[in-house]
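Peer 1: Okay, so here is input35.cif, and as you'll see once you scroll down, it has mmCIF, N, CA and C atoms.
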data_coords
#
loop_
_atom_site.group_PDB
_atom_site.id
_atom_site.type_symbol
_atom_site.label_atom_id
_atom_site.label_comp_id
_atom_site.auth_asym_id
_atom_site.auth_seq_id
_atom_site.Cartn_x
_atom_site.Cartn_y
_atom_site.Cartn_z
ATOM 1 N N MET A 1 -6.835 -6.084 3.406
ATOM 2 C CA MET A 1 -6.271 -6.136 2.079
ATOM 3 C C MET A 1 -5.432 -7.389 1.887
ATOM 4 N N GLU A 2 -4.782 -7.878 2.906
ATOM 5 C CA GLU A 2 -3.854 -8.990 2.738
ATOM 6 C C GLU A 2 -4.526 -10.227 2.168
ATOM 7 N N GLU A 3 -5.709 -10.571 2.675
ATOM 8 C CA GLU A 3 -6.375 -11.778 2.185
ATOM 9 C C GLU A 3 -6.788 -11.626 0.727
ATOM 10 N N ALA A 4 -7.367 -10.496 0.369
ATOM 11 C CA ALA A 4 -7.765 -10.258 -1.023
ATOM 12 C C ALA A 4 -6.537 -10.224 -1.925
ATOM 13 N N ALA A 5 -5.459 -9.652 -1.421
ATOM 14 C CA ALA A 5 -4.224 -9.575 -2.205
ATOM 15 C C ALA A 5 -3.651 -10.965 -2.448
ATOM 16 N N LEU A 6 -3.662 -11.790 -1.427
ATOM 17 C CA LEU A 6 -3.153 -13.153 -1.593
ATOM 18 C C LEU A 6 -4.025 -13.950 -2.555
ATOM 19 N N ARG A 7 -5.332 -13.747 -2.475
ATOM 20 C CA ARG A 7 -6.232 -14.427 -3.421
ATOM 21 C C ARG A 7 -5.951 -13.959 -4.845
ATOM 22 N N ALA A 8 -5.665 -12.681 -4.991
ATOM 23 C CA ALA A 8 -5.407 -12.127 -6.326
ATOM 24 C C ALA A 8 -4.173 -12.747 -6.963
ATOM 25 N N ILE A 9 -3.133 -12.970 -6.179
ATOM 26 C CA ILE A 9 -1.915 -13.533 -6.772
ATOM 27 C C ILE A 9 -1.876 -15.055 -6.698
ATOM 28 N N ALA A 10 -2.928 -15.652 -6.155
ATOM 29 C CA ALA A 10 -2.983 -17.113 -6.094
ATOM 30 C C ALA A 10 -3.133 -17.720 -7.484
ATOM 31 N N SER A 11 -3.696 -16.975 -8.390
ATOM 32 C CA SER A 11 -3.914 -17.463 -9.749
ATOM 33 C C SER A 11 -2.631 -17.359 -10.571
ATOM 34 N N PRO A 12 -2.179 -18.471 -11.149
ATOM 35 C CA PRO A 12 -0.984 -18.424 -12.009
ATOM 36 C C PRO A 12 -1.155 -17.449 -13.181
ATOM 37 N N ARG A 13 -2.355 -17.362 -13.713
ATOM 38 C CA ARG A 13 -2.589 -16.446 -14.841
ATOM 39 C C ARG A 13 -2.410 -14.998 -14.404
ATOM 40 N N ARG A 14 -2.921 -14.655 -13.221
ATOM 41 C CA ARG A 14 -2.757 -13.274 -12.747
ATOM 42 C C ARG A 14 -1.299 -12.974 -12.428
ATOM 43 N N ARG A 15 -0.570 -13.955 -11.923
ATOM 44 C CA ARG A 15 0.864 -13.733 -11.687
ATOM 45 C C ARG A 15 1.584 -13.504 -13.006
ATOM 46 N N GLU A 16 1.209 -14.231 -14.043
ATOM 47 C CA GLU A 16 1.824 -14.041 -15.358
ATOM 48 C C GLU A 16 1.475 -12.663 -15.928
ATOM 49 N N ILE A 17 0.241 -12.222 -15.717
ATOM 50 C CA ILE A 17 -0.143 -10.878 -16.151
ATOM 51 C C ILE A 17 0.724 -9.842 -15.448
ATOM 52 N N LEU A 18 0.906 -10.002 -14.137
ATOM 53 C CA LEU A 18 1.770 -9.064 -13.405
ATOM 54 C C LEU A 18 3.182 -9.075 -13.968
ATOM 55 N N HIS A 19 3.659 -10.244 -14.301
ATOM 56 C CA HIS A 19 4.998 -10.356 -14.893
ATOM 57 C C HIS A 19 5.069 -9.580 -16.216
ATOM 58 N N LEU A 20 4.033 -9.704 -17.033
ATOM 59 C CA LEU A 20 4.014 -9.024 -18.324
ATOM 60 C C LEU A 20 4.021 -7.503 -18.188
ATOM 61 N N VAL A 21 3.327 -6.994 -17.179
ATOM 62 C CA VAL A 21 3.209 -5.533 -17.029
ATOM 63 C C VAL A 21 4.104 -4.995 -15.912
ATOM 64 N N TRP A 22 5.074 -5.780 -15.503
ATOM 65 C CA TRP A 22 5.943 -5.386 -14.394
ATOM 66 C C TRP A 22 6.715 -4.116 -14.691
ATOM 67 N N ASP A 23 7.272 -4.002 -15.892
ATOM 68 C CA ASP A 23 8.100 -2.833 -16.194
ATOM 69 C C ASP A 23 7.707 -2.146 -17.503
ATOM 70 N N ARG A 24 6.481 -2.402 -17.953
ATOM 71 C CA ARG A 24 5.997 -1.731 -19.163
ATOM 72 C C ARG A 24 4.474 -1.721 -19.170
ATOM 73 N N GLU A 25 3.940 -0.783 -19.913
ATOM 74 C CA GLU A 25 2.498 -0.712 -20.084
ATOM 75 C C GLU A 25 2.098 -1.565 -21.281
ATOM 76 N N LEU A 26 1.013 -2.292 -21.114
ATOM 77 C CA LEU A 26 0.459 -3.070 -22.211
ATOM 78 C C LEU A 26 -1.050 -2.888 -22.241
ATOM 79 N N SER A 27 -1.605 -2.949 -23.437
ATOM 80 C CA SER A 27 -3.066 -2.907 -23.561
ATOM 81 C C SER A 27 -3.617 -4.276 -23.187
ATOM 82 N N SER A 28 -4.908 -4.322 -22.936
ATOM 83 C CA SER A 28 -5.518 -5.608 -22.599
ATOM 84 C C SER A 28 -5.391 -6.580 -23.766
ATOM 85 N N GLY A 29 -5.468 -6.083 -24.981
ATOM 86 C CA GLY A 29 -5.298 -6.943 -26.156
ATOM 87 C C GLY A 29 -3.902 -7.533 -26.231
ATOM 88 N N GLU A 30 -2.892 -6.716 -25.926
ATOM 89 C CA GLU A 30 -1.511 -7.215 -25.924
ATOM 90 C C GLU A 30 -1.325 -8.265 -24.833
ATOM 91 N N ILE A 31 -1.930 -8.022 -23.693
ATOM 92 C CA ILE A 31 -1.843 -8.994 -22.593
ATOM 93 C C ILE A 31 -2.539 -10.286 -23.007
ATOM 94 N N ALA A 32 -3.746 -10.158 -23.556
ATOM 95 C CA ALA A 32 -4.526 -11.335 -23.952
ATOM 96 C C ALA A 32 -3.802 -12.162 -25.007
ATOM 97 N N SER A 33 -2.986 -11.530 -25.845
ATOM 98 C CA SER A 33 -2.292 -12.268 -26.910
ATOM 99 C C SER A 33 -1.285 -13.277 -26.359
ATOM 100 N N HIS A 34 -0.944 -13.179 -25.095
ATOM 101 C CA HIS A 34 0.008 -14.101 -24.461
ATOM 102 C C HIS A 34 -0.669 -15.352 -23.900
ATOM 103 N N PHE A 35 -1.992 -15.412 -23.982
ATOM 104 C CA PHE A 35 -2.736 -16.503 -23.358
ATOM 105 C C PHE A 35 -3.666 -17.177 -24.364
ATOM 106 N N ASP A 36 -3.978 -18.427 -24.091
ATOM 107 C CA ASP A 36 -4.918 -19.183 -24.919
ATOM 108 C C ASP A 36 -6.300 -19.221 -24.280
ATOM 109 N N VAL A 37 -6.745 -18.071 -23.813
ATOM 110 C CA VAL A 37 -8.085 -17.952 -23.231
ATOM 111 C C VAL A 37 -8.765 -16.745 -23.873
ATOM 112 N N SER A 38 -10.037 -16.609 -23.622
ATOM 113 C CA SER A 38 -10.797 -15.515 -24.228
ATOM 114 C C SER A 38 -10.397 -14.159 -23.645
ATOM 115 N N TRP A 39 -10.668 -13.123 -24.426
ATOM 116 C CA TRP A 39 -10.390 -11.781 -23.938
ATOM 117 C C TRP A 39 -11.193 -11.473 -22.675
ATOM 118 N N PRO A 40 -12.492 -11.882 -22.585
ATOM 119 C CA PRO A 40 -13.232 -11.621 -21.338
ATOM 120 C C PRO A 40 -12.573 -12.264 -20.112
ATOM 121 N N ALA A 41 -11.948 -13.429 -20.285
ATOM 122 C CA ALA A 41 -11.261 -14.067 -19.152
ATOM 123 C C ALA A 41 -10.081 -13.212 -18.700
ATOM 124 N N ILE A 42 -9.339 -12.666 -19.653
ATOM 125 C CA ILE A 42 -8.218 -11.790 -19.307
ATOM 126 C C ILE A 42 -8.742 -10.520 -18.658
ATOM 127 N N SER A 43 -9.820 -9.981 -19.198
ATOM 128 C CA SER A 43 -10.421 -8.772 -18.641
ATOM 129 C C SER A 43 -10.823 -8.987 -17.191
ATOM 130 N N GLN A 44 -11.392 -10.150 -16.897
ATOM 131 C CA GLN A 44 -11.800 -10.462 -15.526
ATOM 132 C C GLN A 44 -10.576 -10.517 -14.609
ATOM 133 N N ASN A 45 -9.503 -11.130 -15.070
ATOM 134 C CA ASN A 45 -8.282 -11.199 -14.265
ATOM 135 C C ASN A 45 -7.675 -9.810 -14.055
ATOM 136 N N LEU A 46 -7.712 -8.983 -15.085
ATOM 137 C CA LEU A 46 -7.214 -7.611 -14.941
ATOM 138 C C LEU A 46 -8.049 -6.842 -13.926
ATOM 139 N N ARG A 47 -9.350 -7.076 -13.934
ATOM 140 C CA ARG A 47 -10.238 -6.393 -12.984
ATOM 141 C C ARG A 47 -9.901 -6.781 -11.544
ATOM 142 N N VAL A 48 -9.632 -8.059 -11.316
ATOM 143 C CA VAL A 48 -9.252 -8.514 -9.967
ATOM 144 C C VAL A 48 -7.965 -7.817 -9.533
ATOM 145 N N LEU A 49 -6.978 -7.786 -10.422
ATOM 146 C CA LEU A 49 -5.704 -7.142 -10.086
ATOM 147 C C LEU A 49 -5.884 -5.644 -9.860
ATOM 148 N N GLU A 50 -6.762 -5.044 -10.627
ATOM 149 C CA GLU A 50 -7.032 -3.614 -10.482
ATOM 150 C C GLU A 50 -7.745 -3.322 -9.158
ATOM 151 N N GLU A 51 -8.685 -4.180 -8.785
ATOM 152 C CA GLU A 51 -9.450 -3.969 -7.550
ATOM 153 C C GLU A 51 -8.569 -3.990 -6.307
ATOM 154 N N VAL A 52 -7.526 -4.831 -6.300
ATOM 155 C CA VAL A 52 -6.631 -4.864 -5.142
ATOM 156 C C VAL A 52 -5.484 -3.863 -5.295
ATOM 157 N N GLY A 53 -5.456 -3.165 -6.428
ATOM 158 C CA GLY A 53 -4.463 -2.113 -6.625
ATOM 159 C C GLY A 53 -3.124 -2.589 -7.162
ATOM 160 N N PHE A 54 -3.070 -3.799 -7.681
ATOM 161 C CA PHE A 54 -1.784 -4.323 -8.170
ATOM 162 C C PHE A 54 -1.453 -3.879 -9.584
ATOM 163 N N VAL A 55 -2.457 -3.399 -10.315
ATOM 164 C CA VAL A 55 -2.197 -2.801 -11.623
ATOM 165 C C VAL A 55 -2.864 -1.436 -11.671
ATOM 166 N N ARG A 56 -2.203 -0.545 -12.370
ATOM 167 C CA ARG A 56 -2.756 0.785 -12.626
ATOM 168 C C ARG A 56 -3.236 0.798 -14.075
ATOM 169 N N THR A 57 -4.267 1.546 -14.321
ATOM 170 C CA THR A 57 -4.823 1.663 -15.661
ATOM 171 C C THR A 57 -4.716 3.114 -16.107
ATOM 172 N N ARG A 58 -4.316 3.287 -17.354
ATOM 173 C CA ARG A 58 -4.239 4.624 -17.943
ATOM 174 C C ARG A 58 -4.940 4.567 -19.290
ATOM 175 N N ARG A 59 -5.785 5.540 -19.523
ATOM 176 C CA ARG A 59 -6.480 5.610 -20.806
ATOM 177 C C ARG A 59 -5.639 6.410 -21.801
ATOM 178 N N CYS A 60 -5.553 5.867 -23.003
ATOM 179 C CA CYS A 60 -4.900 6.564 -24.111
ATOM 180 C C CYS A 60 -5.869 6.465 -25.282
ATOM 181 N N GLY A 61 -6.717 7.483 -25.432
ATOM 182 C CA GLY A 61 -7.797 7.410 -26.415
ATOM 183 C C GLY A 61 -8.804 6.372 -25.957
ATOM 184 N N THR A 62 -9.054 5.381 -26.797
ATOM 185 C CA THR A 62 -10.000 4.333 -26.437
ATOM 186 C C THR A 62 -9.308 3.112 -25.856
ATOM 187 N N THR A 63 -7.991 3.176 -25.757
ATOM 188 C CA THR A 63 -7.207 2.046 -25.259
ATOM 189 C C THR A 63 -6.923 2.206 -23.776
ATOM 190 N N ARG A 64 -7.049 1.111 -23.051
ATOM 191 C CA ARG A 64 -6.665 1.098 -21.639
ATOM 192 C C ARG A 64 -5.313 0.401 -21.537
ATOM 193 N N LEU A 65 -4.378 1.067 -20.905
ATOM 194 C CA LEU A 65 -3.040 0.513 -20.724
ATOM 195 C C LEU A 65 -2.859 0.109 -19.270
ATOM 196 N N TYR A 66 -2.242 -1.027 -19.059
ATOM 197 C CA TYR A 66 -2.061 -1.593 -17.719
ATOM 198 C C TYR A 66 -0.582 -1.673 -17.383
ATOM 199 N N ARG A 67 -0.286 -1.418 -16.117
ATOM 200 C CA ARG A 67 1.084 -1.522 -15.618
ATOM 201 C C ARG A 67 1.028 -1.922 -14.149
ATOM 202 N N ALA A 68 1.948 -2.771 -13.722
ATOM 203 C CA ALA A 68 1.996 -3.191 -12.320
ATOM 204 C C ALA A 68 2.294 -1.995 -11.431
ATOM 205 N N ASP A 69 1.650 -1.951 -10.288
ATOM 206 C CA ASP A 69 1.924 -0.921 -9.288
ATOM 207 C C ASP A 69 2.805 -1.568 -8.214
ATOM 208 N N ARG A 70 4.088 -1.434 -8.398
ATOM 209 C CA ARG A 70 5.052 -2.104 -7.507
ATOM 210 C C ARG A 70 4.916 -1.650 -6.056
ATOM 211 N N ALA A 71 4.577 -0.394 -5.854
ATOM 212 C CA ALA A 71 4.435 0.108 -4.482
ATOM 213 C C ALA A 71 3.307 -0.613 -3.752
ATOM 214 N N ARG A 72 2.216 -0.900 -4.447
ATOM 215 C CA ARG A 72 1.092 -1.608 -3.818
ATOM 216 C C ARG A 72 1.418 -3.075 -3.551
ATOM 217 N N LEU A 73 2.334 -3.636 -4.326
ATOM 218 C CA LEU A 73 2.737 -5.020 -4.118
ATOM 219 C C LEU A 73 3.715 -5.158 -2.949
ATOM 220 N N GLY A 74 4.349 -4.074 -2.555
ATOM 221 C CA GLY A 74 5.348 -4.094 -1.496
ATOM 222 C C GLY A 74 4.897 -4.729 -0.193
ATOM 223 N N PRO A 75 3.723 -4.376 0.350
ATOM 224 C CA PRO A 75 3.282 -4.968 1.611
ATOM 225 C C PRO A 75 3.143 -6.490 1.567
ATOM 226 N N LEU A 76 2.931 -7.046 0.396
ATOM 227 C CA LEU A 76 2.831 -8.501 0.289
ATOM 228 C C LEU A 76 4.151 -9.180 0.623
ATOM 229 N N LYS A 77 5.229 -8.485 0.372
ATOM 230 C CA LYS A 77 6.546 -9.059 0.647
ATOM 231 C C LYS A 77 6.658 -9.461 2.114
ATOM 232 N N ARG A 78 6.192 -8.584 2.997
ATOM 233 C CA ARG A 78 6.237 -8.868 4.434
ATOM 234 C C ARG A 78 5.421 -10.110 4.766
ATOM 235 N N VAL A 79 4.218 -10.198 4.216
ATOM 236 C CA VAL A 79 3.334 -11.330 4.487
ATOM 237 C C VAL A 79 3.959 -12.628 3.966
ATOM 238 N N LEU A 80 4.455 -12.585 2.743
ATOM 239 C CA LEU A 80 5.048 -13.785 2.154
ATOM 240 C C LEU A 80 6.317 -14.210 2.894
ATOM 241 N N LEU A 81 7.112 -13.239 3.332
ATOM 242 C CA LEU A 81 8.310 -13.576 4.106
ATOM 243 C C LEU A 81 7.942 -14.223 5.439
ATOM 244 N N GLN A 82 6.899 -13.705 6.091
ATOM 245 C CA GLN A 82 6.455 -14.308 7.354
ATOM 246 C C GLN A 82 6.009 -15.743 7.133
ATOM 247 N N MET A 83 5.275 -15.981 6.054
ATOM 248 C CA MET A 83 4.830 -17.340 5.754
ATOM 249 C C MET A 83 6.032 -18.239 5.466
ATOM 250 N N TRP A 84 6.977 -17.741 4.712
ATOM 251 C CA TRP A 84 8.170 -18.495 4.367
ATOM 252 C C TRP A 84 8.970 -18.827 5.619
ATOM 253 N N GLU A 85 9.160 -17.838 6.482
ATOM 254 C CA GLU A 85 9.911 -18.064 7.715
ATOM 255 C C GLU A 85 9.212 -19.078 8.605
ATOM 256 N N ALA A 86 7.897 -19.010 8.691
ATOM 257 C CA ALA A 86 7.143 -19.977 9.499
ATOM 258 C C ALA A 86 7.343 -21.382 8.947
ATOM 259 N N ASP A 87 7.316 -21.517 7.628
ATOM 260 C CA ASP A 87 7.548 -22.827 7.010
ATOM 261 C C ASP A 87 8.964 -23.317 7.286
ATOM 262 N N LEU A 88 9.933 -22.421 7.209
ATOM 263 C CA LEU A 88 11.321 -22.812 7.478
ATOM 264 C C LEU A 88 11.502 -23.225 8.936
ATOM 265 N N ASP A 89 10.856 -22.483 9.838
ATOM 266 C CA ASP A 89 10.923 -22.846 11.258
ATOM 267 C C ASP A 89 10.319 -24.224 11.481
ATOM 268 N N ARG A 90 9.186 -24.497 10.869
ATOM 269 C CA ARG A 90 8.529 -25.800 11.017
ATOM 270 C C ARG A 90 9.395 -26.904 10.416
ATOM 271 N N LEU A 91 10.027 -26.648 9.282
ATOM 272 C CA LEU A 91 10.920 -27.620 8.663
ATOM 273 C C LEU A 91 12.105 -27.918 9.582
ATOM 274 N N ALA A 92 12.655 -26.887 10.208
ATOM 275 C CA ALA A 92 13.766 -27.078 11.135
ATOM 276 C C ALA A 92 13.330 -27.932 12.324
ATOM 277 N N GLU A 93 12.127 -27.672 12.850
ATOM 278 C CA GLU A 93 11.610 -28.472 13.967
ATOM 279 C C GLU A 93 11.477 -29.934 13.572
ATOM 280 N N LEU A 94 10.939 -30.177 12.395
ATOM 281 C CA LEU A 94 10.769 -31.551 11.928
ATOM 282 C C LEU A 94 12.121 -32.245 11.733
ATOM 283 N N ALA A 95 13.082 -31.525 11.172
ATOM 284 C CA ALA A 95 14.405 -32.101 10.949
ATOM 285 C C ALA A 95 15.091 -32.416 12.269
ATOM 286 N N GLU A 96 14.959 -31.523 13.250
ATOM 287 C CA GLU A 96 15.559 -31.768 14.558
ATOM 288 C C GLU A 96 14.910 -32.974 15.231
ATOM 289 N N GLY A 97 13.599 -33.101 15.081
ATOM 290 C CA GLY A 97 12.891 -34.244 15.641
ATOM 291 C C GLY A 97 13.354 -35.548 15.012
ATOM 292 N N GLU A 98 13.573 -35.546 13.711
ATOM 293 C CA GLU A 98 14.051 -36.736 13.011
ATOM 294 C C GLU A 98 15.462 -37.103 13.485
ATOM 295 N N THR A 99 16.300 -36.096 13.667
ATOM 296 C CA THR A 99 17.678 -36.333 14.105
ATOM 297 C C THR A 99 17.691 -36.958 15.500
ATOM 298 N N LYS A 100 16.875 -36.416 16.395
ATOM 299 C CA LYS A 100 16.810 -36.942 17.759
ATOM 300 C C LYS A 100 16.273 -38.368 17.769
ATOM 301 N N ARG A 101 15.311 -38.647 16.942
ATOM 302 C CA ARG A 101 14.708 -39.974 16.889
ATOM 303 C C ARG A 101 15.675 -41.016 16.323
ATOM 304 N N ASP A 102 16.525 -40.603 15.387
ATOM 305 C CA ASP A 102 17.442 -41.523 14.740
ATOM 306 C C ASP A 102 18.695 -41.822 15.570
ATOM 307 N N ARG A 103 18.931 -41.023 16.607
ATOM 308 C CA ARG A 103 20.121 -41.247 17.440
ATOM 309 C C ARG A 103 19.944 -42.505 18.295
ATOM 310 N N PRO A 104 21.021 -43.292 18.449
ATOM 311 C CA PRO A 104 20.944 -44.530 19.266
ATOM 312 C C PRO A 104 20.836 -44.240 20.742
#
Do you think you could lay out the structure here as C-alpha coordinates?
Peer 2:
Amino acid sequence: MEEAALRAIASPRRREILHLVWDRELSSGEIASHFDVSWPAISQNLRVLEEVGFVRTRRCGTTRLYRADRARLGPLKRVLLQMWEADLDRLAELAEGETKRDRP
(Lines of atoms letter the chains of each structure in order from A and count residues from 1; the text may use other names and numbers.)
(Lines give C-alpha, C1' and ligand atoms only; values in the text may rest on other atoms or scores of the structure.)
Protein backbone atom coordinates (compact mmCIF):
# COMPACT_ATOMS: atom_id res chain seq x y z
CA MET A 1 0.00 0.00 0.00
CA GLU A 2 2.80 2.45 0.76
CA GLU A 3 4.00 2.82 -2.82
CA ALA A 4 0.48 3.26 -4.24
CA ALA A 5 -0.32 5.68 -1.42
CA LEU A 6 2.76 7.77 -2.12
CA ARG A 7 1.93 7.83 -5.83
CA ALA A 8 -1.60 8.95 -4.97
CA ILE A 9 -0.43 11.96 -2.98
CA ALA A 10 2.39 12.78 -5.39
CA SER A 11 -0.07 14.75 -7.50
CA PRO A 12 -0.57 18.36 -6.33
CA ARG A 13 -4.16 18.20 -7.58
CA ARG A 14 -4.93 15.13 -5.47
CA ARG A 15 -3.35 16.76 -2.43
CA GLU A 16 -5.57 19.80 -3.00
CA ILE A 17 -8.62 17.53 -3.29
CA LEU A 18 -7.68 15.94 0.04
CA HIS A 19 -7.37 19.40 1.53
CA LEU A 20 -10.85 20.32 0.28
CA VAL A 21 -12.49 17.22 1.76
CA TRP A 22 -10.35 17.03 4.90
CA ASP A 23 -13.09 18.07 7.32
CA ARG A 24 -16.24 18.18 5.19
CA GLU A 25 -18.10 16.23 2.57
CA LEU A 26 -18.23 17.65 -0.93
CA SER A 27 -19.80 16.40 -4.13
CA SER A 28 -17.59 15.80 -7.13
CA GLY A 29 -19.12 18.88 -8.76
CA GLU A 30 -18.23 21.03 -5.76
CA ILE A 31 -14.70 19.66 -5.82
CA ALA A 32 -14.40 20.21 -9.58
CA SER A 33 -15.51 23.85 -9.20
CA HIS A 34 -12.18 24.56 -7.44
CA PHE A 35 -10.12 23.55 -10.48
CA ASP A 36 -9.66 24.69 -14.07
CA VAL A 37 -9.79 21.17 -15.48
CA SER A 38 -12.57 18.98 -16.80
CA TRP A 39 -14.92 17.08 -14.54
CA PRO A 40 -13.61 13.73 -15.91
CA ALA A 41 -10.09 14.74 -14.81
CA ILE A 42 -11.35 15.39 -11.29
CA SER A 43 -13.30 12.14 -11.37
CA GLN A 44 -10.13 10.26 -12.30
CA ASN A 45 -8.23 11.85 -9.41
CA LEU A 46 -11.06 11.02 -7.01
CA ARG A 47 -10.96 7.42 -8.22
CA VAL A 48 -7.22 7.17 -7.48
CA LEU A 49 -7.76 8.56 -3.98
CA GLU A 50 -10.69 6.21 -3.45
CA GLU A 51 -8.73 3.16 -4.63
CA VAL A 52 -6.01 3.71 -2.01
CA GLY A 53 -8.66 4.45 0.62
CA PHE A 54 -7.82 8.12 1.20
CA VAL A 55 -11.37 9.28 0.49
CA ARG A 56 -14.65 7.72 1.47
CA THR A 57 -17.69 8.01 -0.75
CA ARG A 58 -21.27 8.25 0.44
CA ARG A 59 -24.29 8.27 -1.82
CA CYS A 60 -27.05 10.77 -1.14
CA GLY A 61 -29.67 10.13 -3.81
CA THR A 62 -27.86 10.49 -7.11
CA THR A 63 -25.04 12.53 -5.60
CA ARG A 64 -21.76 11.04 -4.45
CA LEU A 65 -20.19 12.84 -1.51
CA TYR A 66 -16.47 12.59 -0.78
CA ARG A 67 -14.60 13.02 2.48
CA ALA A 68 -10.99 12.32 3.46
CA ASP A 69 -10.45 9.17 5.50
CA ARG A 70 -7.93 10.44 8.03
CA ALA A 71 -7.44 7.02 9.60
CA ARG A 72 -6.25 5.58 6.27
CA LEU A 73 -3.85 8.49 5.82
CA GLY A 74 -2.28 7.84 9.24
CA PRO A 75 0.22 5.15 8.14
CA LEU A 76 1.69 7.57 5.61
CA LYS A 77 2.86 9.75 8.46
CA ARG A 78 5.34 7.08 9.53
CA VAL A 79 6.68 6.67 5.99
CA LEU A 80 7.00 10.41 5.41
CA LEU A 81 8.69 10.92 8.79
CA GLN A 82 11.22 8.19 7.98
CA MET A 83 11.98 9.85 4.66
CA TRP A 84 12.29 13.24 6.34
CA GLU A 85 14.59 11.89 9.04
CA ALA A 86 16.78 10.17 6.45
CA ASP A 87 17.08 13.47 4.57
CA LEU A 88 17.93 15.32 7.77
CA ASP A 89 20.55 12.71 8.66
CA ARG A 90 22.10 13.04 5.20
CA LEU A 91 22.06 16.85 5.47
CA ALA A 92 23.82 16.62 8.84
CA GLU A 93 26.48 14.32 7.33
CA LEU A 94 27.07 16.74 4.48
CA ALA A 95 27.29 19.72 6.83
CA GLU A 96 29.76 17.92 9.09
CA GLY A 97 31.86 17.00 6.07
CA GLU A 98 31.92 20.63 4.93
CA THR A 99 32.92 21.80 8.42
CA LYS A 100 35.79 19.30 8.60
CA ARG A 101 37.00 20.24 5.13
CA ASP A 102 36.96 23.97 5.88
CA ARG A 103 39.04 23.64 9.06
CA PRO A 104 42.73 24.67 8.70
Peer 1: So, with only N, CA and C atoms as the atoms that count, which of A:Ala68, A:Ala41, A:Val52, A:Ala4 lies closest to Asp23 in chain A?
Peer 2: A:Ala68
Peer 1: For the structure shown, which residues end up in the PyMOL selection byres (((chain A and resi 30 and name CA) around 12) and name CA)? Put them as a list of chain:residue names, please?
Peer 2: A:Ile17, A:Leu20, A:Val21, A:Arg24, A:Glu25, A:Leu26, A:Ser27, A:Ser28, A:Gly29, A:Ile31, A:Ala32, A:Ser33, A:His34, A:Phe35, A:Trp39, A:Ile42, A:Ser43, A:Thr63, A:Arg64, A:Leu65, A:Tyr66
Peer 1: Please give the centre and size of the box around range 43-58 of chain A (axis-aligned, containing every atom listed in the file, 3 Å added per side), with values in Å to one decimal and written as AutoDock Vina command-line options.
Peer 2:
--center_x -6.6 --center_y -3.3 --center_z -12.2 --size_x 16.3 --size_y 21.8 --size_z 20.1
Peer 1: So how far away is CA of Leu81 in chain A from CA of Phe54 in chain A, in Å?
Peer 2: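 Computing it gives 18.4 Å between the two atoms.
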Peer 1: In Å, with one decimal, what is the gap from CA of Arg78 in chain A to CA of Asn45 in chain A?
Peer 2: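 According to the coordinates, CA of Arg78 in chain A and CA of Asn45 in chain A are separated by 23.8 Å.
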Peer 1: Exactly which residues make up the result of the PyMOL selection byres ((chain A and resi 55) around 8) on this file, given as a VMD selection string?
Peer 2: chain A and resid 18 21 46 48 to 54 56 to 58 65 to 70 72 to 73
Peer 1: Have a look at CA of Cys60 in chain A and atom N of Leu76 in chain A and let me know their distance in Å, one decimal.
Peer 2: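 Between these atoms lies a distance of 29.1 Å.
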